[in-house]
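A.B. asks: Quick one, data_21.cif (mmCIF, C-alpha atoms and all ligand atoms):
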data_query
loop_
_atom_site.group_PDB
_atom_site.id
_atom_site.type_symbol
_atom_site.label_atom_id
_atom_site.label_comp_id
_atom_site.auth_asym_id
_atom_site.auth_seq_id
_atom_site.Cartn_x
_atom_site.Cartn_y
_atom_site.Cartn_z
ATOM 1 C CA MET A 1 -4.842 -42.772 -66.015
ATOM 2 C CA SER A 2 -1.770 -42.089 -68.041
ATOM 3 C CA ASP A 3 1.655 -42.331 -66.476
ATOM 4 C CA SER A 4 3.292 -39.636 -68.568
ATOM 5 C CA LEU A 5 2.713 -35.939 -67.946
ATOM 6 C CA GLN A 6 3.446 -33.441 -70.706
ATOM 7 C CA PHE A 7 5.280 -30.307 -69.579
ATOM 8 C CA THR A 8 5.605 -27.114 -71.669
ATOM 9 C CA TYR A 9 7.650 -24.112 -70.553
ATOM 10 C CA TYR A 10 6.453 -20.590 -71.371
ATOM 11 C CA GLY A 11 9.196 -18.718 -69.537
ATOM 12 C CA HIS A 12 9.688 -17.297 -66.023
ATOM 13 C CA SER A 13 7.261 -19.305 -63.837
ATOM 14 C CA CYS A 14 4.707 -19.973 -66.551
ATOM 15 C CA PHE A 15 4.263 -23.572 -67.676
ATOM 16 C CA ALA A 16 1.600 -26.040 -68.674
ATOM 17 C CA VAL A 17 1.189 -29.642 -67.590
ATOM 18 C CA VAL A 18 -1.233 -31.945 -69.381
ATOM 19 C CA VAL A 19 -2.581 -34.584 -67.018
ATOM 20 C CA ASP A 20 -4.847 -37.263 -68.507
ATOM 21 C CA GLY A 21 -5.756 -34.864 -71.326
ATOM 22 C CA VAL A 22 -6.589 -31.963 -68.966
ATOM 23 C CA ARG A 23 -4.508 -28.837 -69.641
ATOM 24 C CA LEU A 24 -3.281 -27.009 -66.544
ATOM 25 C CA LEU A 25 -1.591 -23.635 -67.054
ATOM 26 C CA PHE A 26 0.389 -22.129 -64.176
ATOM 27 C CA ASP A 27 1.197 -18.479 -63.438
ATOM 28 C CA PRO A 28 0.668 -16.972 -66.905
ATOM 29 C CA PHE A 29 3.178 -14.190 -67.584
ATOM 30 C CA ILE A 30 4.292 -14.025 -71.196
ATOM 31 C CA THR A 31 3.475 -10.592 -72.652
ATOM 32 C CA GLY A 32 5.695 -8.725 -70.201
ATOM 33 C CA ASN A 33 8.516 -11.281 -70.253
ATOM 34 C CA PRO A 34 11.486 -9.858 -72.206
ATOM 35 C CA LYS A 35 12.714 -13.424 -72.825
ATOM 36 C CA ALA A 36 9.420 -14.785 -74.192
ATOM 37 C CA GLY A 37 8.960 -12.537 -77.234
ATOM 38 C CA SER A 38 8.719 -15.476 -79.622
ATOM 39 C CA LEU A 39 5.640 -16.926 -77.926
ATOM 40 C CA GLU A 40 2.081 -16.225 -79.078
ATOM 41 C CA VAL A 41 -0.121 -15.832 -76.011
ATOM 42 C CA SER A 42 -3.151 -16.317 -78.250
ATOM 43 C CA SER A 43 -2.036 -19.866 -79.057
ATOM 44 C CA ILE A 44 -1.859 -21.072 -75.440
ATOM 45 C CA GLU A 45 -4.699 -23.380 -74.459
ATOM 46 C CA ALA A 46 -5.901 -24.167 -70.967
ATOM 47 C CA ASP A 47 -8.718 -25.937 -69.141
ATOM 48 C CA TYR A 48 -7.586 -24.600 -65.764
ATOM 49 C CA ILE A 49 -5.289 -21.696 -64.874
ATOM 50 C CA LEU A 50 -3.615 -22.042 -61.477
ATOM 51 C CA ILE A 51 -2.159 -18.891 -59.906
ATOM 52 C CA THR A 52 0.115 -19.068 -56.868
ATOM 53 C CA HIS A 53 0.091 -15.414 -55.789
ATOM 54 C CA GLY A 54 -0.830 -11.887 -56.777
ATOM 55 C CA HIS A 55 2.351 -10.551 -58.347
ATOM 56 C CA ALA A 56 2.134 -9.390 -61.957
ATOM 57 C CA ASP A 57 4.909 -11.743 -63.052
ATOM 58 C CA HIS A 58 2.531 -14.610 -62.202
ATOM 59 C CA LEU A 59 -0.840 -13.461 -63.491
ATOM 60 C CA ALA A 60 -0.455 -10.650 -66.035
ATOM 61 C CA ASP A 61 -1.918 -12.718 -68.903
ATOM 62 C CA ALA A 62 -4.523 -14.590 -66.855
ATOM 63 C CA VAL A 63 -7.550 -12.458 -67.708
ATOM 64 C CA ALA A 64 -6.920 -12.590 -71.478
ATOM 65 C CA ILE A 65 -6.234 -16.336 -71.561
ATOM 66 C CA ALA A 66 -9.228 -17.114 -69.338
ATOM 67 C CA ALA A 67 -11.478 -14.967 -71.540
ATOM 68 C CA ARG A 68 -10.365 -16.685 -74.763
ATOM 69 C CA THR A 69 -10.241 -20.280 -73.493
ATOM 70 C CA GLY A 70 -13.032 -20.243 -70.913
ATOM 71 C CA ALA A 71 -10.613 -21.833 -68.457
ATOM 72 C CA MET A 72 -11.446 -21.858 -64.766
ATOM 73 C CA VAL A 73 -8.957 -19.895 -62.686
ATOM 74 C CA ILE A 74 -7.878 -21.495 -59.395
ATOM 75 C CA SER A 75 -6.043 -19.415 -56.816
ATOM 76 C CA ASN A 76 -6.406 -18.216 -53.264
ATOM 77 C CA TYR A 77 -9.752 -16.661 -52.343
ATOM 78 C CA GLU A 78 -8.566 -13.048 -52.574
ATOM 79 C CA ILE A 79 -7.012 -13.453 -56.011
ATOM 80 C CA ALA A 80 -9.960 -15.464 -57.346
ATOM 81 C CA SER A 81 -12.341 -12.725 -56.164
ATOM 82 C CA TRP A 82 -10.156 -9.974 -57.673
ATOM 83 C CA LEU A 83 -9.982 -11.782 -61.019
ATOM 84 C CA GLY A 84 -13.743 -12.134 -60.940
ATOM 85 C CA LYS A 85 -13.969 -8.354 -60.745
ATOM 86 C CA GLN A 86 -11.584 -8.120 -63.725
ATOM 87 C CA GLY A 87 -14.091 -10.122 -65.761
ATOM 88 C CA VAL A 88 -12.969 -13.728 -65.324
ATOM 89 C CA SER A 89 -16.216 -15.690 -65.319
ATOM 90 C CA ARG A 90 -15.090 -19.028 -63.843
ATOM 91 C CA THR A 91 -12.997 -18.857 -60.689
ATOM 92 C CA HIS A 92 -12.379 -21.079 -57.687
ATOM 93 C CA GLY A 93 -10.943 -19.573 -54.532
ATOM 94 C CA MET A 94 -9.026 -21.686 -52.037
ATOM 95 C CA ASN A 95 -6.942 -21.309 -48.926
ATOM 96 C CA PHE A 96 -4.160 -23.257 -47.256
ATOM 97 C CA GLY A 97 -4.822 -26.916 -46.626
ATOM 98 C CA GLY A 98 -7.771 -27.075 -48.975
ATOM 99 C CA SER A 99 -8.038 -29.426 -51.924
ATOM 100 C CA PHE A 100 -10.098 -29.009 -55.076
ATOM 101 C CA ALA A 101 -11.296 -31.865 -57.250
ATOM 102 C CA LEU A 102 -10.067 -31.893 -60.837
ATOM 103 C CA PRO A 103 -11.330 -34.282 -63.554
ATOM 104 C CA PHE A 104 -8.326 -36.585 -63.006
ATOM 105 C CA GLY A 105 -7.748 -36.140 -59.273
ATOM 106 C CA ARG A 106 -7.142 -33.074 -57.149
ATOM 107 C CA THR A 107 -4.956 -30.104 -56.344
ATOM 108 C CA LYS A 108 -4.043 -28.932 -52.850
ATOM 109 C CA TYR A 109 -3.092 -25.339 -52.035
ATOM 110 C CA VAL A 110 -0.038 -25.330 -49.776
ATOM 111 C CA VAL A 111 2.057 -22.804 -47.882
ATOM 112 C CA ALA A 112 4.617 -20.514 -49.506
ATOM 113 C CA VAL A 113 6.738 -17.899 -47.750
ATOM 114 C CA HIS A 114 6.615 -14.793 -49.936
ATOM 115 C CA SER A 115 4.221 -11.824 -50.500
ATOM 116 C CA SER A 116 1.153 -11.431 -52.702
ATOM 117 C CA THR A 117 0.036 -7.832 -53.358
ATOM 118 C CA LEU A 118 -2.009 -7.549 -56.566
ATOM 119 C CA PRO A 119 -0.948 -5.232 -59.441
ATOM 120 C CA ASP A 120 -3.382 -2.457 -58.417
ATOM 121 C CA GLY A 121 -2.283 -2.609 -54.763
ATOM 122 C CA SER A 122 -5.198 -4.773 -53.599
ATOM 123 C CA PRO A 123 -4.392 -7.409 -50.973
ATOM 124 C CA GLY A 124 -3.646 -10.712 -52.689
ATOM 125 C CA GLY A 125 -4.097 -12.969 -49.680
ATOM 126 C CA HIS A 126 -1.254 -15.267 -48.747
ATOM 127 C CA PRO A 127 1.014 -16.711 -51.454
ATOM 128 C CA GLY A 128 0.878 -20.445 -51.973
ATOM 129 C CA GLY A 129 1.903 -23.403 -54.043
ATOM 130 C CA PHE A 130 0.034 -26.352 -55.548
ATOM 131 C CA VAL A 131 0.356 -30.105 -55.263
ATOM 132 C CA VAL A 132 -1.365 -31.844 -58.191
ATOM 133 C CA THR A 133 -2.088 -35.562 -58.260
ATOM 134 C CA ASN A 134 -4.019 -38.059 -60.346
ATOM 135 C CA GLY A 135 -3.319 -40.870 -57.915
ATOM 136 C CA ALA A 136 -0.556 -42.372 -60.040
ATOM 137 C CA ARG A 137 1.548 -39.258 -60.631
ATOM 138 C CA THR A 138 2.082 -36.271 -58.356
ATOM 139 C CA PHE A 139 3.940 -33.009 -58.746
ATOM 140 C CA TYR A 140 4.497 -29.932 -56.604
ATOM 141 C CA TYR A 141 4.774 -26.379 -57.876
ATOM 142 C CA ALA A 142 6.093 -24.139 -55.103
ATOM 143 C CA GLY A 143 5.262 -20.733 -56.593
ATOM 144 C CA ASP A 144 7.550 -18.002 -55.263
ATOM 145 C CA THR A 145 8.831 -19.035 -51.869
ATOM 146 C CA ALA A 146 11.681 -19.302 -49.465
ATOM 147 C CA LEU A 147 12.776 -22.680 -48.208
ATOM 148 C CA THR A 148 10.404 -23.633 -45.393
ATOM 149 C CA TYR A 149 9.942 -26.612 -43.104
ATOM 150 C CA ASP A 150 6.305 -26.736 -44.246
ATOM 151 C CA MET A 151 7.630 -28.513 -47.345
ATOM 152 C CA LYS A 152 8.226 -31.571 -45.172
ATOM 153 C CA LEU A 153 4.443 -31.880 -44.792
ATOM 154 C CA ILE A 154 4.240 -32.438 -48.554
ATOM 155 C CA GLU A 155 6.710 -35.312 -48.294
ATOM 156 C CA ALA A 156 4.641 -36.758 -45.447
ATOM 157 C CA GLU A 157 1.421 -36.791 -47.490
ATOM 158 C CA PHE A 158 2.479 -37.309 -51.099
ATOM 159 C CA SER A 159 4.968 -39.228 -53.198
ATOM 160 C CA VAL A 160 6.232 -36.346 -55.360
ATOM 161 C CA ASP A 161 7.510 -37.405 -58.795
ATOM 162 C CA PHE A 162 8.915 -33.994 -59.589
ATOM 163 C CA ALA A 163 8.866 -30.460 -58.208
ATOM 164 C CA VAL A 164 8.790 -27.148 -60.054
ATOM 165 C CA LEU A 165 10.832 -24.801 -57.895
ATOM 166 C CA PRO A 166 12.004 -21.186 -58.159
ATOM 167 C CA ILE A 167 15.803 -21.019 -58.274
ATOM 168 C CA GLY A 168 16.575 -17.419 -59.261
ATOM 169 C CA ASP A 169 17.453 -16.119 -55.795
ATOM 170 C CA THR A 170 16.880 -12.456 -54.723
ATOM 171 C CA PHE A 171 13.045 -12.785 -54.587
ATOM 172 C CA THR A 172 12.826 -16.538 -53.896
ATOM 173 C CA MET A 173 15.034 -19.471 -53.016
ATOM 174 C CA GLY A 174 18.316 -19.653 -54.833
ATOM 175 C CA PRO A 175 19.721 -22.957 -56.122
ATOM 176 C CA ALA A 176 21.232 -24.072 -52.796
ATOM 177 C CA ASP A 177 17.979 -23.672 -50.868
ATOM 178 C CA ALA A 178 15.929 -25.098 -53.747
ATOM 179 C CA ALA A 179 18.102 -28.228 -53.653
ATOM 180 C CA ARG A 180 17.322 -28.521 -49.931
ATOM 181 C CA ALA A 181 13.627 -28.020 -50.768
ATOM 182 C CA ALA A 182 13.810 -30.993 -53.139
ATOM 183 C CA ALA A 183 15.076 -33.087 -50.244
ATOM 184 C CA PHE A 184 12.319 -31.755 -47.976
ATOM 185 C CA VAL A 185 9.571 -32.784 -50.424
ATOM 186 C CA GLY A 186 11.304 -36.074 -51.165
ATOM 187 C CA THR A 187 11.785 -35.773 -54.907
ATOM 188 C CA SER A 188 14.822 -36.501 -57.057
ATOM 189 C CA LYS A 189 13.751 -34.364 -60.028
ATOM 190 C CA VAL A 190 13.325 -30.585 -60.141
ATOM 191 C CA ILE A 191 12.282 -28.266 -62.961
ATOM 192 C CA GLY A 192 13.828 -24.885 -62.221
ATOM 193 C CA VAL A 193 11.794 -21.744 -62.906
ATOM 194 C CA HIS A 194 11.899 -18.024 -61.988
ATOM 195 C CA PHE A 195 15.477 -17.561 -63.230
ATOM 196 C CA ASP A 196 17.206 -15.462 -65.936
ATOM 197 C CA THR A 197 14.074 -13.427 -66.769
ATOM 198 C CA PHE A 198 15.490 -10.186 -65.364
ATOM 199 C CA PRO A 199 19.048 -9.266 -64.278
ATOM 200 C CA PRO A 200 18.379 -9.669 -60.506
ATOM 201 C CA ILE A 201 17.467 -13.352 -61.012
ATOM 202 C CA ALA A 202 20.159 -14.323 -63.539
ATOM 203 C CA ILE A 203 21.960 -17.466 -62.364
ATOM 204 C CA ASP A 204 25.034 -19.546 -63.221
ATOM 205 C CA HIS A 205 23.528 -22.718 -64.675
ATOM 206 C CA ASP A 206 26.477 -24.984 -63.946
ATOM 207 C CA ALA A 207 26.717 -23.806 -60.343
ATOM 208 C CA ALA A 208 22.977 -24.349 -59.939
ATOM 209 C CA ARG A 209 23.206 -27.911 -61.297
ATOM 210 C CA SER A 210 26.053 -28.735 -58.921
ATOM 211 C CA HIS A 211 24.008 -27.717 -55.881
ATOM 212 C CA PHE A 212 21.385 -30.278 -56.907
ATOM 213 C CA GLN A 213 23.907 -32.938 -57.891
ATOM 214 C CA GLN A 214 25.382 -32.787 -54.393
ATOM 215 C CA ARG A 215 21.996 -33.911 -53.085
ATOM 216 C CA GLY A 216 21.412 -36.536 -55.768
ATOM 217 C CA VAL A 217 18.712 -34.440 -57.450
ATOM 218 C CA GLU A 218 18.410 -33.882 -61.187
ATOM 219 C CA LEU A 219 17.871 -30.226 -62.115
ATOM 220 C CA VAL A 220 16.150 -29.527 -65.437
ATOM 221 C CA LEU A 221 16.545 -25.968 -66.733
ATOM 222 C CA PRO A 222 13.781 -25.726 -69.331
ATOM 223 C CA VAL A 223 14.103 -23.711 -72.533
ATOM 224 C CA ILE A 224 11.256 -21.347 -73.377
ATOM 225 C CA GLY A 225 8.843 -23.002 -75.776
ATOM 226 C CA GLU A 226 9.999 -26.583 -75.251
ATOM 227 C CA THR A 227 7.716 -29.498 -74.409
ATOM 228 C CA PHE A 228 8.806 -32.746 -72.792
ATOM 229 C CA ALA A 229 7.342 -35.726 -70.969
ATOM 230 C CA LEU A 230 7.801 -36.316 -67.255
HETATM 231 NI NI NI B 301 6.261 -13.042 -56.421
HETATM 232 MN MN MN B 302 7.714 -13.800 -59.015
#
What is this structure when it is put down as structure tokens?
Ligand code: NI
Ligand code: MN

C.D. replies:
Amino acid sequence: MSDSLQFTYYGHSCFAVVVDGVRLLFDPFITGNPKAGSLEVSSIEADYILITHGHADHLADAVAIAARTGAMVISNYEIASWLGKQGVSRTHGMNFGGSFALPFGRTKYVVAVHSSTLPDGSPGGHPGGFVVTNGARTFYYAGDTALTYDMKLIEAEFSVDFAVLPIGDTFTMGPADAARAAAFVGTSKVIGVHFDTFPPIAIDHDAARSHFQQRGVELVLPVIGETFAL
């Protein structure tokens, strides 16, 4: 087991984390992202693609990347079934409270407070988030969500090294609630996502950082295309 996780940001809520050599890609949305024009979707590799909910800004590139890489797509049951009908050959459907074994450990699908309609209007089940752990290192990706007391259950079960939280407001938590979410899950490091992509979710970076500082939490605002170790 390696202690260091490699994080790469692809814009909006799309990012990859390499855990013990296994490449996890979350919520692929690059082609339609006006801020991610410099990225080549065809160069993104993945062993697993994890999708939190059915909105296009979280899965628009999933079918193409799954087809090229052969990655297994993990999501809730409704989204996994829908992607199967779109031609994705390897899917795994989950629901709240369930865990799925990965080569290095497991991921657990946890509650999010949001919506999840698929791009063609099909029901996308309930939106969720993922906790990923290899035993030594653990992180939580909330997906799109409001602040919710359910996050305290994550703190009760896991020791979260860092959380990837939406901070753009309007459709999800804003920075103040996301800082409270960090306290709920018991982490002192947050990677902010779901901000600045479109005008309704543009944020003041300094104001966002100060909300986290007040709670003793470090906020990282990743730059599209950058890779760093966590
Ligand atoms: Ni959404
Ligand atoms: Mn979204």

A.B. asks: Give me, as a list in words, all polymer residues having an atom no more than 10 Å from Thr117 of chain A, counting all atoms listed in the file and skipping those fewer than 6 positions away in the same chain.

C.D. replies: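 These residues fall inside the cut-off: His53, Gly54, His55, Ala56, Ile79, Pro123, Gly124, Gly125, His126 and Pro127 of chain A.
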
A.B. asks: When the PyMOL selection byres (((not hetatm)) within 12 of (chain B and resi 301)) is applied to the structure above, which residues does it catch, written out as a PyMOL selection string?

C.D. replies: chain A and resi 12-13+27+29+51-60+112-119+124+126-129+142-146+166+168-173+194

A.B. asks: Distance cut-off 9 Å, centre (-6.2, -12.8, -73.5) in file coordinates, counting only C-alpha atoms: which residues qualify? Return them as a short mmCIF file (atom, residue, chain, number, x, y, z; two decimals) with C-alpha atoms, in the coordinates of the input.

C.D. replies:
data_model
loop_
_atom_site.label_atom_id
_atom_site.label_comp_id
_atom_site.auth_asym_id
_atom_site.auth_seq_id
_atom_site.Cartn_x
_atom_site.Cartn_y
_atom_site.Cartn_z
CA VAL A 41 -0.12 -15.83 -76.01
CA SER A 42 -3.15 -16.32 -78.25
CA ASP A 61 -1.92 -12.72 -68.90
CA ALA A 62 -4.52 -14.59 -66.86
CA VAL A 63 -7.55 -12.46 -67.71
CA ALA A 64 -6.92 -12.59 -71.48
CA ILE A 65 -6.23 -16.34 -71.56
CA ALA A 66 -9.23 -17.11 -69.34
CA ALA A 67 -11.48 -14.97 -71.54
CA ARG A 68 -10.36 -16.68 -74.76
CA THR A 69 -10.24 -20.28 -73.49
#

A.B. asks: For atom CA of Phe104 of chain A and atom CA of Val19 of chain A, determine how far apart the two atoms are, in Å to one decimal place.

C.D. replies: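 Atom CA of Val19 of chain A lies 7.3 Å from atom CA of Phe104 of chain A.
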
A.B. asks: Report the centre and edge lengths, in Å to one decimal, of an axis-aligned box enclosing every atom of segment 161-179 of chain A listed in the file, padded by 4 Å on each side, as JSON.

C.D. replies:
{"center_x": 14.4, "center_y": -24.9, "center_z": -55.5, "size_x": 21.7, "size_y": 32.9, "size_z": 17.2}

A.B. asks: How would you write, as number ranges by chain, the residues chosen by the PyMOL selection byres (((chain A and resi 216) around 12) and not hetatm) on this structure?

C.D. replies: A: 179-180, 182-183, 186-190, 209-215, 217-219

A.B. asks: Choose the residue, out of A:Val193, A:Gly105, A:Met72, A:Asp204, that has the smallest atom-to-atom separation from Gly93 of chain A; count only C-alpha atoms.

C.D. replies: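 For Gly93 of chain A, the nearest of the given residues is A:Met72.
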
A.B. asks: When you count only C-alpha atoms, which of these residues is closest to Thr197 of chain A: A:Thr148, A:Ser159, A:Asn33, A:Thr107?

C.D. replies: A:Asn33

A.B. asks: Of the candidates A:Met94, A:Ile167, A:Val73, A:Leu39, which one gets nearest to ligand MN 302 (chain B) if we count only C-alpha atoms and all ligand atoms?

C.D. replies: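 Of A:Met94, A:Ile167, A:Val73, A:Leu39, the one nearest ligand MN 302 (chain B) is A:Ile167, counting only C-alpha atoms and all ligand atoms.
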
A.B. asks: What would the list of residues within 12 Å of (3.2, -38.0, -69.9) (file frame) look like as a ChimeraX atom specification, if all atoms listed in the file are what count?

C.D. replies: /A:1-8,17-23,134,136-138,161,227-230

A.B. asks: Name the closest residue to ligand MN 302 (chain B) among the candidates A:Glu155, A:Asp196, A:Asp206, A:Glu40; distances are taken between atoms, counting all atoms listed in the file.

C.D. replies: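 Ranking A:Glu155, A:Asp196, A:Asp206, A:Glu40 by distance to ligand MN 302 (chain B), first place goes to A:Asp196.
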
A.B. asks: Just give me the gap between atom CA of Ser81 of chain A and atom CA of Ser122 of chain A in Å, one decimal is fine.

C.D. replies: 11.0 Å

A.B. asks: Which value, in Å to one decimal, gives the distance between atom CA of Asn76 of chain A and atom CA of Phe130 of chain A?

C.D. replies: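 Between atom CA of Asn76 of chain A and atom CA of Phe130 of chain A the gap works out to 10.6 Å.
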
A.B. asks: Written as a VMD selection string, what is the full residue list that the PyMOL selection byres (((chain A and resi 222) around 8) and not hetatm) yields on the file shown?

C.D. replies: chain A and resid 9 191 to 193 220 to 221 223 to 224 226

A.B. asks: Can you work out which one of A:Ala208, A:Leu50, A:Ile201, A:Ala178 has the shortest atom-to-atom distance to ligand MN 302 (chain B), counting all atoms listed in the file?

C.D. replies: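 Of A:Ala208, A:Leu50, A:Ile201, A:Ala178, the one nearest ligand MN 302 (chain B) is A:Ile201, counting all atoms listed in the file.
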
A.B. asks: From the options A:Gly11, A:Val110, A:Phe100, A:Ser38, which residue's atoms come nearest to ligand MN 302 (chain B), counting all atoms listed in the file?

C.D. replies: A:Gly11

A.B. asks: May I have the residues within 8 Å of Lys108 of chain A as a PDB file with C-alpha atoms, in the frame of the given file, using all atoms listed in the file and disregarding those fewer than 2 positions away in the same chain?

C.D. replies:
ATOM      1  CA  PHE A  96      -4.160 -23.257 -47.256  1.00  0.00           C
ATOM      2  CA  GLY A  97      -4.822 -26.916 -46.626  1.00  0.00           C
ATOM      3  CA  GLY A  98      -7.771 -27.075 -48.975  1.00  0.00           C
ATOM      4  CA  SER A  99      -8.038 -29.426 -51.924  1.00  0.00           C
ATOM      5  CA  PHE A 100     -10.098 -29.009 -55.076  1.00  0.00           C
ATOM      6  CA  ARG A 106      -7.142 -33.074 -57.149  1.00  0.00           C
ATOM      7  CA  VAL A 110      -0.038 -25.330 -49.776  1.00  0.00           C
ATOM      8  CA  PHE A 130       0.034 -26.352 -55.548  1.00  0.00           C
ATOM      9  CA  VAL A 131       0.356 -30.105 -55.263  1.00  0.00           C
ATOM     10  CA  VAL A 132      -1.365 -31.844 -58.191  1.00  0.00           C
TER      11      VAL A 132
END
